[in-house]
Amino acid sequence: MLAIVGGALAALCLGGATIGYVLYDRATAPDRSAPDVVVDNYLRAFLVDRDDTLAGQYTCASGIELGPLSDLRSDLAAREKRFNTTFQVSWGALRVDKHGKNADVAVELVISTVVGSLAQTERQPWQFTTRQDDGWGVCTARRAT
């Protein structure tokens, strides 16, 4: 009788641990469920939080060309230092043009700051290419014309 109860408790504990692991994994895994979601998460990690490690979780495994966005972030950081200010980057709706396992995502970045008592805002259209490989990932970024 003791062996049966012990076996049942061990099975319950093992099942609980497995469920706990699955729930934890789902809660902490990056959301790569759709092209617009992955671009939004990438922009937040890269431009708002400025966290390269987190941003890397939203990129493609290969064929990455994100230099223009990296140049933008470097330029903003240099201007922040030079003018002793902070730039805020935000964006509105993301427009998705999906074609198979690829999708283009268009978005307008809004870059704002206050220098002295003067508020400045610049709007820049950007185009991102995403690909679905075990979840969506950002592959390229370029400023649109």
# chains A, B, ... in the order shown; residues from 1 in each chain; ligands from 1
call {"tool": "select_by_dssp", "arguments": {"residues": "chain A", "states": "strand (DSSP E)", "output": "tab-separated table (two decimals) with N, CA and C atoms, in the first residue's frame"}}
result
chain	number	residue	atom	x	y	z
A	88	GLN	N	13.17	59.69	-27.78
A	88	GLN	CA	12.13	58.68	-27.61
A	88	GLN	C	11.74	58.19	-29.00
A	89	VAL	N	11.71	56.88	-29.18
A	89	VAL	CA	11.29	56.32	-30.46
A	89	VAL	C	9.98	55.57	-30.24
A	90	SER	N	8.99	55.88	-31.07
A	90	SER	CA	7.70	55.18	-31.01
A	90	SER	C	7.26	54.91	-32.44
A	91	TRP	N	6.16	54.22	-32.59
A	91	TRP	CA	5.64	53.89	-33.91
A	91	TRP	C	4.16	53.58	-33.78
A	95	ARG	N	2.00	47.77	-41.10
A	95	ARG	CA	1.28	47.24	-42.26
A	95	ARG	C	2.03	46.03	-42.81
A	96	VAL	N	1.33	44.92	-42.92
A	96	VAL	CA	1.95	43.65	-43.31
A	96	VAL	C	1.51	43.26	-44.71
A	97	ASP	N	2.49	42.89	-45.54
A	97	ASP	CA	2.23	42.33	-46.87
A	97	ASP	C	2.87	40.94	-46.87
A	98	LYS	N	2.04	39.94	-46.62
A	98	LYS	CA	2.53	38.57	-46.44
A	98	LYS	C	2.49	37.82	-47.76
A	99	HIS	N	3.56	37.06	-48.04
A	99	HIS	CA	3.62	36.22	-49.24
A	99	HIS	C	4.38	34.95	-48.88
A	102	ASN	N	7.39	34.55	-46.21
A	102	ASN	CA	8.01	35.87	-46.09
A	102	ASN	C	6.92	36.92	-45.94
A	103	ALA	N	7.30	38.04	-45.34
A	103	ALA	CA	6.37	39.16	-45.22
A	103	ALA	C	7.16	40.46	-45.11
A	104	ASP	N	6.64	41.49	-45.75
A	104	ASP	CA	7.19	42.83	-45.63
A	104	ASP	C	6.32	43.58	-44.63
A	105	VAL	N	6.98	44.33	-43.74
A	105	VAL	CA	6.26	45.09	-42.73
A	105	VAL	C	6.71	46.54	-42.85
A	106	ALA	N	5.74	47.43	-43.08
A	106	ALA	CA	6.02	48.86	-43.19
A	106	ALA	C	5.55	49.54	-41.92
A	107	VAL	N	6.35	50.50	-41.45
A	107	VAL	CA	6.01	51.22	-40.23
A	107	VAL	C	6.64	52.61	-40.28
A	108	GLU	N	6.01	53.55	-39.61
A	108	GLU	CA	6.58	54.89	-39.51
A	108	GLU	C	7.13	55.07	-38.10
A	109	LEU	N	8.44	55.28	-38.00
A	109	LEU	CA	9.07	55.55	-36.72
A	109	LEU	C	8.90	57.03	-36.40
A	110	VAL	N	8.56	57.33	-35.17
A	110	VAL	CA	8.42	58.70	-34.70
A	110	VAL	C	9.52	58.93	-33.67
A	111	ILE	N	10.45	59.83	-34.01
A	111	ILE	CA	11.60	60.10	-33.16
A	111	ILE	C	11.41	61.49	-32.55
A	112	SER	N	11.34	61.55	-31.22
A	112	SER	CA	11.04	62.81	-30.54
A	112	SER	C	12.09	63.11	-29.48
A	113	THR	N	12.31	64.41	-29.26
A	113	THR	CA	13.20	64.86	-28.20
A	113	THR	C	12.84	66.29	-27.85
A	114	VAL	N	13.38	66.74	-26.74
A	114	VAL	CA	13.26	68.14	-26.33
A	114	VAL	C	14.67	68.65	-26.11
A	115	VAL	N	15.03	69.72	-26.83
A	115	VAL	CA	16.33	70.37	-26.67
A	115	VAL	C	16.04	71.77	-26.16
A	118	LEU	N	12.57	73.50	-26.78
A	118	LEU	CA	12.04	73.22	-28.11
A	118	LEU	C	11.83	71.72	-28.31
A	119	ALA	N	10.57	71.33	-28.53
A	119	ALA	CA	10.25	69.93	-28.82
A	119	ALA	C	10.42	69.68	-30.30
A	120	GLN	N	11.07	68.57	-30.62
A	120	GLN	CA	11.32	68.22	-32.02
A	120	GLN	C	10.82	66.80	-32.28
A	121	THR	N	10.20	66.61	-33.43
A	121	THR	CA	9.70	65.30	-33.82
A	121	THR	C	10.03	65.07	-35.29
A	122	GLU	N	10.54	63.88	-35.57
A	122	GLU	CA	10.82	63.48	-36.96
A	122	GLU	C	10.12	62.16	-37.22
A	123	ARG	N	9.53	62.04	-38.38
A	123	ARG	CA	8.86	60.81	-38.78
A	123	ARG	C	9.64	60.18	-39.93
A	124	GLN	N	9.94	58.89	-39.78
A	124	GLN	CA	10.71	58.18	-40.79
A	124	GLN	C	9.98	56.89	-41.18
A	125	PRO	N	9.70	56.70	-42.48
A	125	PRO	CA	9.10	55.43	-42.91
A	125	PRO	C	10.19	54.36	-43.02
A	126	TRP	N	9.90	53.18	-42.49
A	126	TRP	CA	10.84	52.06	-42.53
A	126	TRP	C	10.15	50.83	-43.09
A	127	GLN	N	10.96	49.97	-43.71
A	127	GLN	CA	10.49	48.72	-44.31
A	127	GLN	C	11.31	47.57	-43.71
A	128	PHE	N	10.63	46.55	-43.21
A	128	PHE	CA	11.28	45.37	-42.64
A	128	PHE	C	10.86	44.14	-43.43
A	129	THR	N	11.80	43.25	-43.65
A	129	THR	CA	11.50	41.96	-44.27
A	129	THR	C	11.58	40.91	-43.18
A	130	THR	N	10.57	40.07	-43.10
A	130	THR	CA	10.55	39.00	-42.10
A	130	THR	C	10.40	37.65	-42.80
A	131	ARG	N	10.81	36.60	-42.10
A	131	ARG	CA	10.71	35.24	-42.65
A	131	ARG	C	10.27	34.30	-41.53
A	132	GLN	N	9.49	33.31	-41.89
A	132	GLN	CA	9.04	32.32	-40.93
A	132	GLN	C	9.93	31.08	-40.98
A	136	TRP	N	8.43	33.67	-36.64
A	136	TRP	CA	8.84	34.76	-37.50
A	136	TRP	C	10.09	35.44	-36.96
A	137	GLY	N	10.90	35.97	-37.88
A	137	GLY	CA	12.11	36.70	-37.51
A	137	GLY	C	12.33	37.87	-38.43
A	138	VAL	N	12.95	38.93	-37.91
A	138	VAL	CA	13.28	40.11	-38.72
A	138	VAL	C	14.59	39.83	-39.43
A	139	CYS	N	14.58	39.97	-40.76
A	139	CYS	CA	15.78	39.68	-41.56
A	139	CYS	C	16.47	40.96	-42.04
A	140	THR	N	15.69	41.91	-42.55
A	140	THR	CA	16.29	43.15	-43.06
A	140	THR	C	15.50	44.35	-42.59
A	141	ALA	N	16.20	45.47	-42.54
A	141	ALA	CA	15.57	46.75	-42.21
A	141	ALA	C	16.19	47.81	-43.11
A	142	ARG	N	15.34	48.67	-43.64
A	142	ARG	CA	15.84	49.78	-44.46
A	142	ARG	C	14.86	50.92	-44.36
A	143	ARG	N	15.39	52.12	-44.48
A	143	ARG	CA	14.53	53.30	-44.48
A	143	ARG	C	13.83	53.36	-45.83
